[in-house]
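As stored in upload21.pdb (PDB, C-alpha atoms):
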```pdb
MODEL        1
ATOM      1  CA  MET C  17       0.487 -40.697  -1.591
ATOM      2  CA  LYS C  18      -2.854 -40.143   0.143
ATOM      3  CA  ASP C  19      -1.768 -36.634   1.116
ATOM      4  CA  LEU C  20      -1.137 -36.020  -2.551
ATOM      5  CA  LEU C  21      -4.795 -36.703  -3.217
ATOM      6  CA  LEU C  22      -5.794 -33.954  -0.807
ATOM      7  CA  ARG C  23      -3.210 -31.602  -2.358
ATOM      8  CA  LYS C  24      -4.518 -32.425  -5.814
ATOM      9  CA  ILE C  25      -8.114 -31.738  -4.813
ATOM     10  CA  ILE C  26      -7.293 -28.496  -2.981
ATOM     11  CA  ARG C  27      -5.367 -27.229  -6.004
ATOM     12  CA  LYS C  28      -8.546 -27.637  -8.040
ATOM     13  CA  ILE C  29     -10.370 -24.958  -6.088
ATOM     14  CA  ASP C  30     -10.458 -21.437  -7.450
ATOM     15  CA  ILE C  31      -8.471 -19.031  -5.381
ATOM     16  CA  GLU C  32     -10.133 -15.713  -4.511
ATOM     17  CA  LYS C  33      -9.390 -12.876  -6.932
ATOM     18  CA  PRO C  34      -9.629  -9.137  -6.235
ATOM     19  CA  SER C  35     -11.205  -6.615  -8.629
ATOM     20  CA  VAL C  36      -9.567  -5.912 -11.991
ATOM     21  CA  ASP C  37      -8.372  -2.434 -10.997
ATOM     22  CA  PHE C  38      -6.799  -3.701  -7.776
ATOM     23  CA  THR C  39      -3.177  -3.210  -8.910
ATOM     24  CA  ASP C  40      -3.903   0.176 -10.526
ATOM     25  CA  ASN C  41      -5.479   1.459  -7.310
ATOM     26  CA  ILE C  42      -2.434   0.423  -5.308
ATOM     27  CA  MET C  43       0.008   1.972  -7.776
ATOM     28  CA  LYS C  44      -1.946   5.249  -7.793
ATOM     29  CA  LYS C  45      -1.807   5.428  -4.004
ATOM     30  CA  ILE C  46       1.895   4.580  -4.018
ATOM     31  CA  ASP C  47       2.660   7.219  -6.668
ATOM     32  CA  GLN C  48       0.792   9.871  -4.658
ATOM     33  CA  GLU C  49       2.634   8.832  -1.532
ATOM     34  CA  THR C  50       5.991   8.942  -3.311
ATOM     35  CA  ILE C  51       5.316  12.433  -4.693
ATOM     36  CA  VAL C  52       4.256  13.792  -1.305
ATOM     37  CA  GLU C  53       7.354  12.236   0.276
ATOM     38  CA  SER C  54       9.615  13.761  -2.368
ATOM     39  CA  VAL C  55       8.077  17.196  -1.771
ATOM     40  CA  GLU C  56       8.439  16.807   1.973
ATOM     41  CA  SER C  57      12.054  15.729   1.748
ATOM     42  CA  LYS C  58      12.951  18.240  -0.975
ATOM     43  CA  SER C  59      13.479  21.909  -0.161
ATOM     44  CA  ILE C  60      10.668  24.153  -1.391
ATOM     45  CA  LEU C  61      12.964  26.175  -3.629
ATOM     46  CA  SER C  62      15.351  24.623  -6.086
ATOM     47  CA  LEU C  63      18.983  25.670  -6.462
ATOM     48  CA  LYS C  64      18.005  27.908  -9.398
ATOM     49  CA  TYR C  65      15.742  30.008  -7.177
ATOM     50  CA  TRP C  66      18.289  30.187  -4.388
ATOM     51  CA  ILE C  67      20.845  31.544  -6.904
ATOM     52  CA  LEU C  68      18.319  34.140  -8.084
ATOM     53  CA  ILE C  69      17.564  35.166  -4.508
ATOM     54  CA  ALA C  70      21.294  35.387  -3.711
ATOM     55  CA  ALA C  71      21.867  37.494  -6.841
ATOM     56  CA  GLY C  72      18.987  39.753  -5.821
ATOM     57  CA  PHE C  73      20.449  40.081  -2.349
ATOM     58  CA  VAL C  74      23.865  41.021  -3.757
ATOM     59  CA  LEU C  75      22.218  43.579  -6.043
ATOM     60  CA  VAL C  76      20.276  45.122  -3.175
ATOM     61  CA  VAL C  77      23.393  45.279  -0.956
ATOM     62  CA  SER C  78      25.475  46.813  -3.748
ATOM     63  CA  LEU C  79      22.759  49.389  -4.397
ATOM     64  CA  LEU C  80      22.513  50.152  -0.703
ATOM     65  CA  PHE C  81      26.228  50.729  -0.291
ATOM     66  CA  GLY C  82      27.270  51.726  -3.804
ATOM     67  CA  TYR C  83      24.615  54.226  -4.687
ATOM     68  CA  ASP C  84      24.035  57.797  -3.652
ATOM     69  CA  TRP C  85      21.067  57.636  -1.336
ATOM     70  CA  SER C  86      21.401  61.240  -0.232
ATOM     71  CA  PHE C  87      17.979  61.983  -1.671
ATOM     72  CA  ILE C  88      16.477  59.823   1.056
ATOM     73  CA  LYS C  89      17.838  62.009   3.868
ATOM     74  CA  ASN C  90      14.458  63.665   4.018
ATOM     75  CA  ILE C  91      12.763  60.287   4.575
ATOM     76  CA  PHE C  92      10.105  61.635   6.861
ATOM     77  CA  THR C  93       9.471  64.777   4.876
ATOM     78  CA  GLY C  94       9.049  63.075   1.488
ATOM     79  CA  ILE C  95      11.001  62.180  -1.624
ATOM     80  CA  LYS C  96      10.862  64.349  -4.708
ATOM     81  CA  ILE C  97      10.922  62.204  -7.820
ATOM     82  CA  GLU C  98      13.060  64.727  -9.639
ATOM     83  CA  THR C  99      15.818  64.471  -7.022
ATOM     84  CA  ILE C 100      16.373  60.760  -7.707
ATOM     85  CA  ASN C 101      19.458  60.117  -9.896
ATOM     86  CA  PHE C 102      19.287  56.816 -11.737
ATOM     87  CA  PRO C 103      22.549  55.512 -13.290
ATOM     88  CA  SER C 104      22.574  57.441 -16.551
ATOM     89  CA  LEU C 105      23.910  54.693 -18.775
ATOM     90  CA  ILE C 106      21.339  52.155 -17.723
ATOM     91  CA  LEU C 107      18.244  54.117 -17.002
ATOM     92  CA  GLU C 108      18.501  57.343 -18.959
ATOM     93  CA  SER C 109      15.133  56.755 -20.445
ATOM     94  CA  LEU C 110      13.628  56.602 -16.983
ATOM     95  CA  ASN C 111      14.687  60.196 -16.451
ATOM     96  CA  TYR C 112      12.235  61.177 -19.147
ATOM     97  CA  VAL C 113       9.473  59.250 -17.367
ATOM     98  CA  LYS C 114      10.694  60.807 -14.148
ATOM     99  CA  SER C 115      10.322  64.262 -15.631
ATOM    100  CA  LEU C 116       6.671  63.531 -16.284
ATOM    101  CA  PHE C 117       6.202  63.223 -12.531
ATOM    102  CA  SER C 118       8.441  66.148 -11.649
ATOM    103  CA  GLY C 119       5.730  67.818  -9.635
ATOM    104  CA  VAL C 120       4.687  64.732  -7.758
ATOM    105  CA  GLU C 121       5.855  64.108  -4.208
ATOM    106  CA  ILE C 122       5.511  60.599  -2.733
ATOM    107  CA  SER C 123       5.875  59.793   0.912
ATOM    108  CA  SER C 124       8.910  57.559   1.482
ATOM    109  CA  ILE C 125       6.798  55.358   3.752
ATOM    110  CA  THR C 126       4.421  54.815   0.830
ATOM    111  CA  VAL C 127       7.347  53.831  -1.390
ATOM    112  CA  ILE C 128       8.588  51.341   1.191
ATOM    113  CA  VAL C 129       5.108  49.859   1.668
ATOM    114  CA  VAL C 130       4.507  49.539  -2.099
ATOM    115  CA  LEU C 131       7.919  47.943  -2.660
ATOM    116  CA  SER C 132       7.317  45.515   0.212
ATOM    117  CA  VAL C 133       3.910  44.493  -1.172
ATOM    118  CA  VAL C 134       5.378  43.974  -4.655
ATOM    119  CA  MET C 135       8.168  41.856  -3.172
ATOM    120  CA  LEU C 136       5.670  39.744  -1.213
ATOM    121  CA  ILE C 137       3.520  39.180  -4.311
ATOM    122  CA  LEU C 138       6.558  38.088  -6.319
ATOM    123  CA  VAL C 139       7.751  35.685  -3.623
ATOM    124  CA  ASP C 140       4.212  34.310  -3.218
ATOM    125  CA  ARG C 141       3.901  33.607  -6.939
ATOM    126  CA  LEU C 142       7.325  32.020  -6.994
ATOM    127  CA  LEU C 143       6.466  29.674  -4.122
ATOM    128  CA  LYS C 144       3.039  28.789  -5.525
ATOM    129  CA  ARG C 145       4.522  27.891  -8.899
ATOM    130  CA  SER C 146       7.158  25.768  -7.257
ATOM    131  CA  PHE C 147       4.526  23.837  -5.233
ATOM    132  CA  ARG C 148       2.236  23.355  -8.217
ATOM    133  CA  THR C 149       4.916  21.832 -10.413
ATOM    134  CA  ASN C 150       6.119  19.481  -7.672
ATOM    135  CA  LEU C 151       2.858  18.433  -6.070
ATOM    136  CA  PHE C 152       0.019  18.318  -8.551
ATOM    137  CA  ILE C 153       1.527  16.815 -11.654
ATOM    138  CA  ILE C 154       0.688  13.103 -11.323
TER     139      ILE C 154
ATOM    140  CA  MET D  29       1.228 -14.524 -16.952
ATOM    141  CA  GLU D  30       4.882 -15.393 -16.364
ATOM    142  CA  PHE D  31       6.680 -13.734 -13.485
ATOM    143  CA  ARG D  32      10.345 -13.500 -12.597
ATOM    144  CA  LYS D  33      11.678 -14.224  -9.134
ATOM    145  CA  ASP D  34      10.601 -11.752  -6.444
ATOM    146  CA  ASN D  35      14.159 -10.550  -5.800
ATOM    147  CA  TYR D  36      14.434  -9.296  -9.379
ATOM    148  CA  TYR D  37      11.480  -6.922  -8.825
ATOM    149  CA  ILE D  38      12.640  -5.973  -5.332
ATOM    150  CA  ASP D  39      16.104  -4.992  -6.603
ATOM    151  CA  ARG D  40      14.547  -2.854  -9.354
ATOM    152  CA  LEU D  41      12.232  -1.288  -6.827
ATOM    153  CA  LEU D  42      15.051  -0.444  -4.441
ATOM    154  CA  LYS D  43      16.819   1.255  -7.355
ATOM    155  CA  GLY D  44      13.814   3.564  -7.681
ATOM    156  CA  ASP D  45      11.703   1.781 -10.310
ATOM    157  CA  ASN D  46       8.241   1.899  -8.697
ATOM    158  CA  ASN D  47       6.662   0.109 -11.667
ATOM    159  CA  ALA D  48       8.421  -3.080 -10.608
ATOM    160  CA  TYR D  49       6.095  -3.146  -7.636
ATOM    161  CA  ALA D  50       3.089  -3.574  -9.937
ATOM    162  CA  SER D  51       4.548  -6.924 -11.011
ATOM    163  CA  LEU D  52       4.977  -7.966  -7.386
ATOM    164  CA  VAL D  53       1.385  -6.960  -6.652
ATOM    165  CA  ASN D  54       0.078  -8.903  -9.653
ATOM    166  CA  LYS D  55       2.104 -11.931  -8.652
ATOM    167  CA  HIS D  56       0.855 -12.093  -5.064
ATOM    168  CA  LYS D  57      -2.487 -10.272  -5.028
ATOM    169  CA  ASN D  58      -4.650 -13.389  -5.271
ATOM    170  CA  LEU D  59      -3.209 -15.119  -2.246
ATOM    171  CA  VAL D  60      -3.055 -11.925  -0.173
ATOM    172  CA  PHE D  61      -6.693 -11.299  -1.075
ATOM    173  CA  THR D  62      -7.568 -14.930  -0.290
ATOM    174  CA  ILE D  63      -6.001 -14.641   3.172
ATOM    175  CA  ALA D  64      -7.974 -11.440   3.767
ATOM    176  CA  VAL D  65     -11.260 -12.972   2.549
ATOM    177  CA  LYS D  66     -10.800 -16.087   4.691
ATOM    178  CA  ILE D  67     -10.249 -13.985   7.792
ATOM    179  CA  LEU D  68     -12.658 -11.107   7.204
ATOM    180  CA  LYS D  69     -15.400 -13.111   5.432
ATOM    181  CA  ASN D  70     -16.279 -10.046   3.386
ATOM    182  CA  ARG D  71     -14.939  -9.288  -0.084
ATOM    183  CA  GLU D  72     -15.150  -5.477   0.162
ATOM    184  CA  ASP D  73     -13.333  -5.330   3.486
ATOM    185  CA  ALA D  74     -10.842  -7.882   2.183
ATOM    186  CA  GLU D  75     -10.084  -5.856  -0.944
ATOM    187  CA  GLU D  76      -9.509  -2.716   1.104
ATOM    188  CA  LEU D  77      -7.300  -4.589   3.539
ATOM    189  CA  ALA D  78      -5.342  -6.307   0.757
ATOM    190  CA  GLN D  79      -4.591  -2.881  -0.757
ATOM    191  CA  ASP D  80      -3.450  -1.619   2.642
ATOM    192  CA  VAL D  81      -1.217  -4.687   2.960
ATOM    193  CA  PHE D  82       0.573  -3.922  -0.312
ATOM    194  CA  ILE D  83       0.963  -0.239   0.560
ATOM    195  CA  LYS D  84       2.294  -1.134   4.005
ATOM    196  CA  ALA D  85       4.708  -3.641   2.444
ATOM    197  CA  PHE D  86       5.894  -0.950   0.030
ATOM    198  CA  GLU D  87       6.527   1.480   2.876
ATOM    199  CA  VAL D  88       8.540  -0.980   4.947
ATOM    200  CA  LEU D  89      10.224  -2.835   2.103
ATOM    201  CA  ASN D  90      13.628  -1.623   3.277
ATOM    202  CA  THR D  91      13.129  -3.755   6.402
ATOM    203  CA  PHE D  92      12.757  -6.929   4.298
ATOM    204  CA  LYS D  93      16.036  -8.781   4.831
ATOM    205  CA  LYS D  94      15.656 -11.431   2.112
ATOM    206  CA  GLU D  95      16.271 -14.093   4.775
ATOM    207  CA  SER D  96      12.849 -15.495   3.994
ATOM    208  CA  LYS D  97      10.780 -15.480   0.825
ATOM    209  CA  PHE D  98       9.094 -12.193  -0.033
ATOM    210  CA  SER D  99       5.755 -14.026  -0.233
ATOM    211  CA  THR D 100       6.188 -15.365   3.320
ATOM    212  CA  TRP D 101       7.010 -11.875   4.590
ATOM    213  CA  LEU D 102       4.060 -10.403   2.679
ATOM    214  CA  TYR D 103       1.562 -13.044   3.843
ATOM    215  CA  ARG D 104       2.687 -12.463   7.413
ATOM    216  CA  ILE D 105       1.807  -8.758   7.057
ATOM    217  CA  ALA D 106      -1.546  -9.728   5.503
ATOM    218  CA  PHE D 107      -2.296 -12.265   8.231
ATOM    219  CA  ASN D 108      -1.412  -9.880  11.067
ATOM    220  CA  MET D 109      -3.331  -6.932   9.610
ATOM    221  CA  ALA D 110      -6.427  -9.037   8.945
ATOM    222  CA  VAL D 111      -6.365 -10.680  12.373
ATOM    223  CA  SER D 112      -5.951  -7.356  14.157
ATOM    224  CA  LYS D 113      -8.911  -6.003  12.191
ATOM    225  CA  THR D 114     -11.142  -8.863  13.337
ATOM    226  CA  ARG D 115      -9.885  -8.919  16.916
ATOM    227  CA  LYS D 116     -12.765  -6.753  18.092
ATOM    228  CA  LYS D 117     -15.513  -8.857  16.561
ATOM    229  CA  LYS D 118     -15.766 -12.545  17.204
ATOM    230  CA  LEU D 119     -16.284 -14.487  14.006
ATOM    231  CA  PRO D 120     -18.547 -17.537  13.968
ATOM    232  CA  THR D 121     -16.801 -20.917  13.870
ATOM    233  CA  VAL D 122     -18.046 -24.474  13.759
ATOM    234  CA  ASN D 123     -17.135 -26.846  16.541
ATOM    235  CA  LEU D 124     -16.562 -30.486  15.789
ATOM    236  CA  GLU D 125     -16.412 -33.050  18.523
ATOM    237  CA  THR D 126     -12.828 -34.085  19.174
ATOM    238  CA  GLU D 127     -13.456 -37.815  19.235
ATOM    239  CA  ILE D 128     -15.154 -37.629  15.858
ATOM    240  CA  ILE D 129     -12.187 -35.808  14.328
ATOM    241  CA  GLU D 130      -9.635 -38.117  15.894
ATOM    242  CA  ASN D 131     -11.301 -41.169  14.411
ATOM    243  CA  PHE D 132     -11.156 -39.939  10.853
ATOM    244  CA  SER D 133      -8.458 -40.616   8.274
ATOM    245  CA  ILE D 134      -8.138 -40.106   4.556
ATOM    246  CA  ASP D 135      -9.128 -43.744   4.068
ATOM    247  CA  ASP D 136     -12.640 -42.683   4.981
ATOM    248  CA  ILE D 137     -12.926 -40.313   2.058
ATOM    249  CA  VAL D 138     -10.720 -41.749  -0.710
ATOM    250  CA  PRO D 139     -13.324 -44.200  -2.077
ATOM    251  CA  ASP D 140     -16.073 -41.600  -1.941
ATOM    252  CA  MET D 141     -13.956 -38.855  -3.458
ATOM    253  CA  GLN D 142     -12.850 -41.049  -6.330
ATOM    254  CA  GLU D 143     -16.449 -41.611  -7.281
ATOM    255  CA  LEU D 144     -17.045 -37.885  -7.660
ATOM    256  CA  SER D 145     -16.439 -35.868 -10.812
ATOM    257  CA  ASN D 146     -13.771 -33.142 -10.813
ATOM    258  CA  GLU D 147     -16.405 -30.456 -10.411
ATOM    259  CA  GLU D 148     -18.038 -32.297  -7.523
ATOM    260  CA  GLN D 149     -14.672 -32.767  -5.829
ATOM    261  CA  LYS D 150     -14.014 -29.067  -6.204
ATOM    262  CA  ASN D 151     -17.395 -28.082  -4.750
ATOM    263  CA  CYS D 152     -16.959 -30.534  -1.928
ATOM    264  CA  ILE D 153     -13.545 -29.189  -0.877
ATOM    265  CA  GLU D 154     -14.735 -25.576  -1.171
ATOM    266  CA  LYS D 155     -17.635 -26.297   1.174
ATOM    267  CA  ALA D 156     -15.380 -28.163   3.586
ATOM    268  CA  LEU D 157     -12.858 -25.304   3.727
ATOM    269  CA  LYS D 158     -15.623 -22.817   4.465
ATOM    270  CA  VAL D 159     -16.550 -24.791   7.573
ATOM    271  CA  LEU D 160     -13.009 -24.499   8.980
ATOM    272  CA  PRO D 161     -12.053 -21.559  11.222
ATOM    273  CA  TYR D 162      -9.941 -18.999   9.363
ATOM    274  CA  GLU D 163      -6.608 -19.956  10.901
ATOM    275  CA  GLU D 164      -7.044 -23.615   9.959
ATOM    276  CA  ASN D 165      -8.338 -22.650   6.530
ATOM    277  CA  ILE D 166      -5.272 -20.499   5.895
ATOM    278  CA  ILE D 167      -2.835 -23.144   7.148
ATOM    279  CA  ILE D 168      -4.361 -25.702   4.778
ATOM    280  CA  THR D 169      -4.411 -23.239   1.853
ATOM    281  CA  LEU D 170      -0.787 -22.180   2.373
ATOM    282  CA  PHE D 171       0.409 -25.763   2.825
ATOM    283  CA  TYR D 172      -1.440 -27.432  -0.032
ATOM    284  CA  TYR D 173      -2.206 -24.621  -2.442
ATOM    285  CA  ASP D 174       0.911 -22.455  -2.160
ATOM    286  CA  ASP D 175       3.350 -25.219  -1.140
ATOM    287  CA  LYS D 176       4.550 -23.311   1.890
ATOM    288  CA  SER D 177       6.696 -25.306   4.291
ATOM    289  CA  ILE D 178       5.827 -25.834   7.968
ATOM    290  CA  GLU D 179       8.545 -23.284   8.878
ATOM    291  CA  GLU D 180       7.137 -20.684   6.496
ATOM    292  CA  ILE D 181       3.597 -21.177   7.827
ATOM    293  CA  SER D 182       5.016 -20.790  11.311
ATOM    294  CA  GLU D 183       6.551 -17.452  10.268
ATOM    295  CA  ILE D 184       3.328 -16.234   8.650
ATOM    296  CA  THR D 185       0.995 -17.188  11.474
ATOM    297  CA  SER D 186       3.408 -16.571  14.390
ATOM    298  CA  LEU D 187       2.737 -20.129  15.619
ATOM    299  CA  THR D 188       5.617 -22.384  16.661
ATOM    300  CA  VAL D 189       6.784 -25.004  14.180
ATOM    301  CA  SER D 190       5.595 -27.843  16.416
ATOM    302  CA  ASN D 191       2.244 -26.137  16.857
ATOM    303  CA  VAL D 192       1.823 -25.851  13.085
ATOM    304  CA  LYS D 193       2.668 -29.546  12.696
ATOM    305  CA  VAL D 194       0.087 -30.558  15.299
ATOM    306  CA  LYS D 195      -2.512 -28.223  13.863
ATOM    307  CA  LEU D 196      -1.899 -29.450  10.331
ATOM    308  CA  HIS D 197      -2.364 -33.038  11.471
ATOM    309  CA  ARG D 198      -5.606 -32.206  13.248
ATOM    310  CA  ILE D 199      -6.925 -30.001  10.451
ATOM    311  CA  ARG D 200      -6.402 -32.815   7.941
ATOM    312  CA  LYS D 201      -8.459 -35.168  10.081
ATOM    313  CA  LYS D 202     -11.079 -32.506  10.583
ATOM    314  CA  LEU D 203     -11.199 -31.838   6.865
ATOM    315  CA  TYR D 204     -11.613 -35.552   6.095
ATOM    316  CA  SER D 205     -14.448 -35.675   8.586
ATOM    317  CA  ILE D 206     -16.181 -32.670   7.028
ATOM    318  CA  ILE D 207     -15.652 -33.956   3.478
ATOM    319  CA  HIS D 208     -17.034 -37.332   4.486
ATOM    320  CA  GLN D 209     -20.156 -35.693   5.898
ATOM    321  CA  ILE D 210     -20.621 -33.472   2.871
ATOM    322  CA  ILE D 211     -20.349 -36.448   0.516
ATOM    323  CA  ILE D 212     -22.890 -38.395   2.506
ATOM    324  CA  LYS D 213     -25.237 -35.423   2.765
ATOM    325  CA  GLU D 214     -24.964 -34.304  -0.842
ATOM    326  CA  PHE D 215     -24.762 -37.635  -2.568
ATOM    327  CA  ASN D 216     -26.457 -40.162  -0.292
ATOM    328  CA  ASN D 217     -29.057 -37.905   1.363
ATOM    329  CA  ASN D 218     -29.310 -40.162   4.352
ATOM    330  CA  ILE D 219     -27.468 -38.307   7.044
ATOM    331  CA  VAL D 220     -28.478 -35.647   9.547
ATOM    332  CA  TYR D 221     -26.676 -32.358   8.803
ATOM    333  CA  GLU D 222     -28.086 -29.555  10.864
ATOM    334  CA  ASN D 223     -26.940 -26.191  12.111
ATOM    335  CA  SER D 224     -23.442 -26.733  10.745
ATOM    336  CA  VAL D 225     -22.730 -29.347  13.465
ATOM    337  CA  LEU D 226     -21.493 -32.503  11.803
ATOM    338  CA  HIS D 227     -22.092 -35.976  13.153
ATOM    339  CA  ARG D 228     -20.385 -39.085  11.883
ATOM    340  CA  PRO D 229     -22.807 -41.812  10.821
ATOM    341  CA  VAL D 230     -22.958 -44.834  13.092
TER     342      VAL D 230
ENDMDL
END
```
Once you've parsed the file, please lay out its structure as structure tokens.
Amino acid sequence: MKDLLLRKIIRKIDIEKPSVDFTDNIMKKIDQETIVESVESKSILSLKYWILIAAGFVLVVSLLFGYDWSFIKNIFTGIKIETINFPSLILESLNYVKSLFSGVEISSITVIVVLSVVMLILVDRLLKRSFRTNLFII
Amino acid sequence: MEFRKDNYYIDRLLKGDNNAYASLVNKHKNLVFTIAVKILKNREDAEELAQDVFIKAFEVLNTFKKESKFSTWLYRIAFNMAVSKTRKKKLPTVNLETEIIENFSIDDIVPDMQELSNEEQKNCIEKALKVLPYEENIIITLFYYDDKSIEEISEITSLTVSNVKVKLHRIRKKLYSIIHQIIIKEFNNNIVYENSVLHRPV
């Protein structure tokens, strides 16, 4: 009975209250944490990109083994644009463009370097886009 | 604001609904913040710590076994984090002479308290609680304000059940003593009350 008096009085006191944006601040931190965790646990590339990469790999392999690369036998002496035979049904129009450069000779090393740089740029853009969509949309 | 039982929000949360946690935070933020304020004695530090408590609880929620109440588990995290933060700096406490405390009972304050208005009673108890060391203050708050059982307080504070019982008994007497002194000082103005050391009138 007497203890009830103390309980009654203590219940009258105002309990401490945090700031009004207390819950919002916590939820923001938790959301950020959850997103970072999901990125860490998720592979950088989605299945869609892996399929594209696999398809690209298959294409490259089939070109390597299914195409006449005899023009490259002079790899250290240079490749003449006019000696390259693109599949006629697909890239006939390129032959016209090719004819425009009939006199031009490009070092095969230059071709390899340029192709490598282009590949790196494409992969870089692909990875950056993947990170941006997963990490910075809050 | 009406809240559902904690387990309802926890189940939703474990199913991936993070928004359910906002309800849990809203439901328990005041008492977690109160525990932090009582221990740290600073509202800014307490707010920061209370936020850390909820984030920590979120991270380790999968370790919550539902054998105890969520609030008990949460307050234990709050208590431990706040205490470990203050471990390096010694906080000031007020010492009361044991014989003075032992001689006090609620009979000493009931007549005086009943003469006070609600607002005066409230002020009086707030002042008295501020004089108590943080552990005693929290035990009293959890027991009387939040209706926590002795066992739950034992779990929160890591004290044994028998220790909590003894402490609760002593804190009550101490509180009566402090309240008695405050009433005399504030309303009778005929008692010495210096340097936060309280003396019972002869």
Take the ChimeraX specification (/D :<7) & /C, apply it to the structure above, and return the hits as a PDB file with C-alpha atoms, in the frame of the given file.
```pdb
ATOM      1  CA  LYS C  18      -2.854 -40.143   0.143  1.00  0.00           C
ATOM      2  CA  ARG C  23      -3.210 -31.602  -2.358  1.00  0.00           C
ATOM      3  CA  ILE C  25      -8.114 -31.738  -4.813  1.00  0.00           C
ATOM      4  CA  ILE C  26      -7.293 -28.496  -2.981  1.00  0.00           C
ATOM      5  CA  ARG C  27      -5.367 -27.229  -6.004  1.00  0.00           C
ATOM      6  CA  LYS C  28      -8.546 -27.637  -8.040  1.00  0.00           C
ATOM      7  CA  ILE C  29     -10.370 -24.958  -6.088  1.00  0.00           C
ATOM      8  CA  ILE C  31      -8.471 -19.031  -5.381  1.00  0.00           C
ATOM      9  CA  GLU C  32     -10.133 -15.713  -4.511  1.00  0.00           C
ATOM     10  CA  LYS C  33      -9.390 -12.876  -6.932  1.00  0.00           C
ATOM     11  CA  PRO C  34      -9.629  -9.137  -6.235  1.00  0.00           C
ATOM     12  CA  THR C  39      -3.177  -3.210  -8.910  1.00  0.00           C
ATOM     13  CA  ILE C  42      -2.434   0.423  -5.308  1.00  0.00           C
ATOM     14  CA  MET C  43       0.008   1.972  -7.776  1.00  0.00           C
ATOM     15  CA  ILE C  46       1.895   4.580  -4.018  1.00  0.00           C
TER      16      ILE C  46
END
```
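You will find CA of Leu68 (chain C) at 23.5 Å from CA of Val127 (chain C).
CA of Lys24 (chain C) is positioned 29.8 Å from CA of Met109 (chain D).
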Q. Separation of CA of Leu160 (chain D) and CA of Lys202 (chain D), in Å?
A. 8.4 Å
Q: Pick out the residues sitting within 9 Å of Val189 (chain D), and hand them over as a list in words; count only C-alpha atoms, and ignore anything fewer than 5 positions along from it in its own chain.
A: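 With the cut-off at 9 Å, the set is Ile178, Glu179, Glu180, Ile181, Ser182, Glu183 and Val194 of chain D.
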Q. Which of these, D:Val88, D:Leu41, D:Leu77, D:Leu102, has the shortest distance to Thr114 (chain D) once you count only C-alpha atoms?
A.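 The shortest atom-to-atom distance to Thr114 (chain D) comes from D:Leu77.
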